[in-house]
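Below is one structure, written out as structure tokens, with a few remarks after it.
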Amino acid sequence: MLKKVERKQDAQITPIFSPEDIRQFVYCKRIIFFRYVVRSIPKISEKMKYGSRKHDEWKSRQIRRGEEKDRFFGMYYNNEGLGLFGLLDAIDFDGKKATPVEYKTGKGYVKEAPLHHKAQAMAECLLVESIRNVIVENALLVYKSSKSKISLDYGEAEREWILNVLEEMRKVVVEEIIPPPTDKYGKCVDCEYFPFCRPDTE
């Protein structure tokens, strides 16, 4: 399945996105338009600076050894065939199975992760699966504020979901289509692209 998709994409000149881009697209489709089509340069918020500092701290740990598995920090993967690349926070590996680990510094969730967080984690699973000859069945979200961990299953349905999202993102960028604004304007309060977008004025 993956090899077929890769061959199809190799025949085209397409944008390459990160799992973070996918998270943003699922959260609000306009963010990718302003980032890749308009190429707006947003103001860096304090929230973004804090998150960046914490992620740098985690990635600097390199390797944490465990009895059953090891955790490798700051792992970079790139698959041009899929049009997907990313510097992952961490990966748990037991010799056969790999589990992407995504650290979150914002609002903490305990039982159910929001859809855009799930999308990012599933994109990381797809990326690791496509590069490494390993089994990927789960991803792990770690929320600093609530000190909670949420495990997410990864399988054929999740794989197809992310591939479809990537296809939709490519269409937005290549054809320069501006998506409709989000209908949840609360998302716009802290958005770095709000000055360029302003969906409340439409």
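Going through the structure tokens in order, the chains are called A, B, and so on, while each chain numbers its residues from 1 and the ligands are numbered from 1 in the order shown.
Residues of region 92-192 of chain A assigned to strand (DSSP E or B) by DSSP on this structure's backbone: Asp92, Phe93, Lys97, Ala98, Thr99, Pro100, Val101, Glu102, Tyr103, Lys104, Ile135, Asn138, Ala139, Leu140, Leu141, Val142, Tyr143, Ser148, Lys149, Ile150, Ser151, Leu152 and Asp153 of chain A.
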Print the selection's residues with C-alpha atoms to a file, as an mmCIF file, in the first residue's frame.
data_model
loop_
_atom_site.group_PDB
_atom_site.id
_atom_site.type_symbol
_atom_site.label_atom_id
_atom_site.label_comp_id
_atom_site.auth_asym_id
_atom_site.auth_seq_id
_atom_site.Cartn_x
_atom_site.Cartn_y
_atom_site.Cartn_z
ATOM 1 C CA ASP A 92 9.916 4.026 21.854
ATOM 2 C CA PHE A 93 11.519 0.909 20.362
ATOM 3 C CA LYS A 97 7.792 -2.385 17.426
ATOM 4 C CA ALA A 98 8.196 1.392 17.228
ATOM 5 C CA THR A 99 5.867 3.843 18.982
ATOM 6 C CA PRO A 100 6.068 7.572 18.186
ATOM 7 C CA VAL A 101 5.896 9.725 21.331
ATOM 8 C CA GLU A 102 4.569 13.279 21.055
ATOM 9 C CA TYR A 103 4.989 15.678 23.991
ATOM 10 C CA LYS A 104 2.403 18.431 24.497
ATOM 11 C CA ILE A 135 5.894 -2.646 13.210
ATOM 12 C CA ASN A 138 0.402 2.769 18.445
ATOM 13 C CA ALA A 139 1.388 6.336 19.209
ATOM 14 C CA LEU A 140 1.701 7.943 22.629
ATOM 15 C CA LEU A 141 0.652 11.483 23.566
ATOM 16 C CA VAL A 142 2.263 12.868 26.730
ATOM 17 C CA TYR A 143 0.627 15.951 28.282
ATOM 18 C CA SER A 148 -1.240 12.211 31.582
ATOM 19 C CA LYS A 149 -0.498 9.801 28.754
ATOM 20 C CA ILE A 150 -2.923 8.760 26.032
ATOM 21 C CA SER A 151 -2.190 5.777 23.800
ATOM 22 C CA LEU A 152 -3.659 5.824 20.280
ATOM 23 C CA ASP A 153 -4.155 2.816 18.009
#
Polymer residues at most 7 Å from Gly108 (chain A), only C-alpha atoms, same-chain spacing of 6 or more positions, as a PyMOL selection string: chain A and resi 143-146
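Shortest separation to Cys125 (chain A) among A:Glu68, A:Asp183, A:Glu175, A:Glu158 occurs at residue A:Glu158, atoms counted being only C-alpha atoms.
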Near-Ile32 (chain A) list (10 Å; only C-alpha atoms; drop same-chain fewer than 5 positions) as a ChimeraX atom specification: /A:17,21-22,24-26,37-39,169-170,172-173,178-179
Take the residues just selected and output them with N, CA and C atoms as a tab-separated table (two decimals), in the first residue's frame.
chain	number	residue	atom	x	y	z
A	17	PHE	N	5.02	17.98	3.58
A	17	PHE	CA	4.47	18.48	4.84
A	17	PHE	C	5.02	17.70	6.02
A	21	ASP	N	2.28	20.16	10.38
A	21	ASP	CA	1.42	20.78	9.37
A	21	ASP	C	0.06	20.08	9.33
A	22	ILE	N	0.08	18.77	9.43
A	22	ILE	CA	-1.16	18.00	9.42
A	22	ILE	C	-2.01	18.35	10.64
A	24	GLN	N	-2.04	21.17	12.22
A	24	GLN	CA	-2.60	22.50	11.98
A	24	GLN	C	-3.75	22.46	10.99
A	25	PHE	N	-3.62	21.64	9.95
A	25	PHE	CA	-4.66	21.56	8.93
A	25	PHE	C	-5.95	20.99	9.48
A	26	VAL	N	-5.84	19.96	10.30
A	26	VAL	CA	-7.03	19.37	10.91
A	26	VAL	C	-7.66	20.35	11.90
A	37	VAL	N	1.03	29.02	0.83
A	37	VAL	CA	0.63	29.74	-0.38
A	37	VAL	C	0.94	31.23	-0.25
A	38	VAL	N	0.40	31.87	0.78
A	38	VAL	CA	0.66	33.29	1.01
A	38	VAL	C	2.07	33.50	1.56
A	39	ARG	N	2.57	32.48	2.28
A	39	ARG	CA	3.88	32.53	2.94
A	39	ARG	C	3.98	33.72	3.91
A	169	MET	N	-4.40	18.55	1.52
A	169	MET	CA	-3.45	19.63	1.76
A	169	MET	C	-2.69	20.00	0.49
A	170	ARG	N	-2.28	18.99	-0.27
A	170	ARG	CA	-1.58	19.25	-1.52
A	170	ARG	C	-2.46	20.02	-2.49
A	172	VAL	N	-4.84	22.14	-1.75
A	172	VAL	CA	-4.93	23.53	-1.29
A	172	VAL	C	-3.71	24.32	-1.73
A	173	VAL	N	-2.52	23.73	-1.58
A	173	VAL	CA	-1.28	24.45	-1.88
A	173	VAL	C	-1.02	24.54	-3.38
A	178	ILE	N	-8.05	28.85	-1.15
A	178	ILE	CA	-8.20	29.26	0.25
A	178	ILE	C	-9.40	28.54	0.85
A	179	PRO	N	-9.19	27.74	1.89
A	179	PRO	CA	-10.30	27.01	2.52
A	179	PRO	C	-11.22	27.97	3.27
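Between Ala121 (chain A) and the candidates A:Lys107, A:Lys184, A:Arg159, A:Lys96, the tightest atom-to-atom separation, counting only C-alpha atoms, involves A:Arg159.
Using only C-alpha atoms, the nearest neighbour of Met75 (chain A) within the list A:Lys147, A:Arg132, A:Lys171, A:His117 is A:Arg132.
Interatomic distance, CA of Asp70 (chain A) against CA of Leu163 (chain A): 28.7 Å.
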Proximity to Glu167 (chain A) - best of A:Gly83, A:Ile41, A:Pro181, A:His116, only C-alpha atoms: A:Gly83
DSSP-assigned alpha helix (DSSP H) among region 41-177 of chain A, expressed as number ranges by chain: A: 46-59, 115-131, 156-174
Take the residues that were just selected and, keeping N, CA and C atoms, output them as a compact mmCIF listing (two decimals), in the first residue's frame.
# COMPACT_ATOMS: atom_id res chain seq x y z
N GLU A 46 4.33 34.06 22.94
CA GLU A 46 5.03 33.51 24.11
C GLU A 46 4.71 32.03 24.28
N LYS A 47 3.48 31.66 23.96
CA LYS A 47 3.07 30.26 24.05
C LYS A 47 3.91 29.40 23.10
N MET A 48 4.15 29.91 21.89
CA MET A 48 4.94 29.18 20.91
C MET A 48 6.40 29.08 21.36
N LYS A 49 6.92 30.17 21.95
CA LYS A 49 8.30 30.17 22.43
C LYS A 49 8.49 29.15 23.55
N TYR A 50 7.50 29.09 24.46
CA TYR A 50 7.59 28.15 25.58
C TYR A 50 7.57 26.71 25.06
N GLY A 51 6.65 26.44 24.15
CA GLY A 51 6.56 25.09 23.60
C GLY A 51 7.83 24.68 22.88
N SER A 52 8.43 25.63 22.16
CA SER A 52 9.68 25.35 21.45
C SER A 52 10.82 25.04 22.41
N ARG A 53 10.89 25.80 23.51
CA ARG A 53 11.95 25.56 24.50
C ARG A 53 11.81 24.18 25.13
N LYS A 54 10.57 23.80 25.48
CA LYS A 54 10.36 22.51 26.12
C LYS A 54 10.69 21.36 25.16
N HIS A 55 10.31 21.52 23.89
CA HIS A 55 10.61 20.47 22.93
C HIS A 55 12.11 20.34 22.72
N ASP A 56 12.82 21.45 22.74
CA ASP A 56 14.28 21.40 22.62
C ASP A 56 14.89 20.65 23.80
N GLU A 57 14.33 20.85 24.99
CA GLU A 57 14.83 20.16 26.18
C GLU A 57 14.63 18.65 26.05
N TRP A 58 13.44 18.25 25.58
CA TRP A 58 13.16 16.82 25.44
C TRP A 58 14.05 16.18 24.40
N LYS A 59 14.21 16.86 23.27
CA LYS A 59 14.99 16.28 22.17
C LYS A 59 16.47 16.17 22.51
N LEU A 115 -8.92 15.87 18.05
CA LEU A 115 -8.70 15.27 16.74
C LEU A 115 -7.38 15.72 16.10
N HIS A 116 -7.02 17.00 16.27
CA HIS A 116 -5.80 17.47 15.62
C HIS A 116 -4.54 16.87 16.26
N HIS A 117 -4.60 16.58 17.54
CA HIS A 117 -3.48 15.88 18.19
C HIS A 117 -3.38 14.45 17.67
N LYS A 118 -4.52 13.81 17.50
CA LYS A 118 -4.54 12.45 16.95
C LYS A 118 -3.96 12.43 15.54
N ALA A 119 -4.32 13.44 14.75
CA ALA A 119 -3.84 13.50 13.37
C ALA A 119 -2.32 13.59 13.32
N GLN A 120 -1.75 14.42 14.17
CA GLN A 120 -0.30 14.55 14.22
C GLN A 120 0.36 13.23 14.60
N ALA A 121 -0.18 12.58 15.61
CA ALA A 121 0.39 11.31 16.07
C ALA A 121 0.28 10.23 15.00
N MET A 122 -0.86 10.17 14.30
CA MET A 122 -1.03 9.17 13.25
C MET A 122 -0.11 9.45 12.06
N ALA A 123 0.14 10.73 11.77
CA ALA A 123 1.08 11.08 10.71
C ALA A 123 2.49 10.64 11.07
N GLU A 124 2.84 10.74 12.34
CA GLU A 124 4.15 10.27 12.80
C GLU A 124 4.25 8.76 12.65
N CYS A 125 3.16 8.05 12.94
CA CYS A 125 3.15 6.59 12.75
C CYS A 125 3.38 6.25 11.28
N LEU A 126 2.68 6.94 10.40
CA LEU A 126 2.83 6.70 8.96
C LEU A 126 4.26 6.94 8.51
N LEU A 127 4.86 8.01 9.01
CA LEU A 127 6.22 8.36 8.62
C LEU A 127 7.23 7.32 9.10
N VAL A 128 7.13 6.93 10.36
CA VAL A 128 8.05 5.92 10.90
C VAL A 128 7.86 4.59 10.17
N GLU A 129 6.63 4.21 9.96
CA GLU A 129 6.32 2.96 9.27
C GLU A 129 6.90 2.93 7.87
N SER A 130 6.90 4.06 7.19
CA SER A 130 7.35 4.12 5.80
C SER A 130 8.86 4.11 5.67
N ILE A 131 9.57 4.49 6.71
CA ILE A 131 11.02 4.60 6.66
C ILE A 131 11.72 3.39 7.28
N GLU A 156 -5.00 0.40 9.49
CA GLU A 156 -5.33 0.73 8.11
C GLU A 156 -6.24 1.95 8.01
N ALA A 157 -7.23 2.05 8.89
CA ALA A 157 -8.15 3.19 8.84
C ALA A 157 -7.42 4.50 9.10
N GLU A 158 -6.54 4.50 10.09
CA GLU A 158 -5.77 5.70 10.42
C GLU A 158 -4.79 6.05 9.29
N ARG A 159 -4.20 5.04 8.69
CA ARG A 159 -3.28 5.25 7.57
C ARG A 159 -4.00 5.93 6.41
N GLU A 160 -5.17 5.42 6.04
CA GLU A 160 -5.94 5.99 4.94
C GLU A 160 -6.39 7.41 5.27
N TRP A 161 -6.75 7.65 6.51
CA TRP A 161 -7.17 8.99 6.94
C TRP A 161 -6.05 10.00 6.68
N ILE A 162 -4.85 9.70 7.12
CA ILE A 162 -3.74 10.64 6.96
C ILE A 162 -3.36 10.81 5.49
N LEU A 163 -3.39 9.74 4.72
CA LEU A 163 -3.10 9.86 3.29
C LEU A 163 -4.11 10.76 2.61
N ASN A 164 -5.38 10.67 3.00
CA ASN A 164 -6.41 11.53 2.43
C ASN A 164 -6.22 12.99 2.86
N VAL A 165 -5.82 13.20 4.11
CA VAL A 165 -5.55 14.56 4.58
C VAL A 165 -4.39 15.17 3.79
N LEU A 166 -3.34 14.39 3.58
CA LEU A 166 -2.20 14.87 2.80
C LEU A 166 -2.61 15.25 1.38
N GLU A 167 -3.48 14.46 0.79
CA GLU A 167 -3.95 14.75 -0.57
C GLU A 167 -4.74 16.06 -0.59
N GLU A 168 -5.57 16.27 0.41
CA GLU A 168 -6.34 17.51 0.49
C GLU A 168 -5.43 18.72 0.71
N MET A 169 -4.40 18.55 1.52
CA MET A 169 -3.45 19.63 1.76
C MET A 169 -2.69 20.00 0.49
N ARG A 170 -2.28 18.99 -0.27
CA ARG A 170 -1.58 19.25 -1.52
C ARG A 170 -2.46 20.02 -2.49
N LYS A 171 -3.72 19.68 -2.53
CA LYS A 171 -4.66 20.37 -3.42
C LYS A 171 -4.76 21.85 -3.04
N VAL A 172 -4.84 22.14 -1.75
CA VAL A 172 -4.93 23.53 -1.29
C VAL A 172 -3.71 24.32 -1.73
N VAL A 173 -2.52 23.73 -1.58
CA VAL A 173 -1.28 24.45 -1.88
C VAL A 173 -1.02 24.54 -3.38
N VAL A 174 -1.13 23.43 -4.08
CA VAL A 174 -0.82 23.42 -5.51
C VAL A 174 -1.81 24.27 -6.30
Near-Ser40 (chain A) list (8 Å; only C-alpha atoms; drop same-chain fewer than 3 positions) as a ChimeraX atom specification: /A:34-35,193,196
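Nearest to Asn79 (chain A) of all the residues A:Ser18, A:Arg198, A:Pro114, A:Gly155 is A:Ser18, counting only C-alpha atoms.
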Residue among A:Phe73, A:Phe33, A:Gly106, A:Arg23 lying closest to Asp89 (chain A), counting only C-alpha atoms: A:Phe73
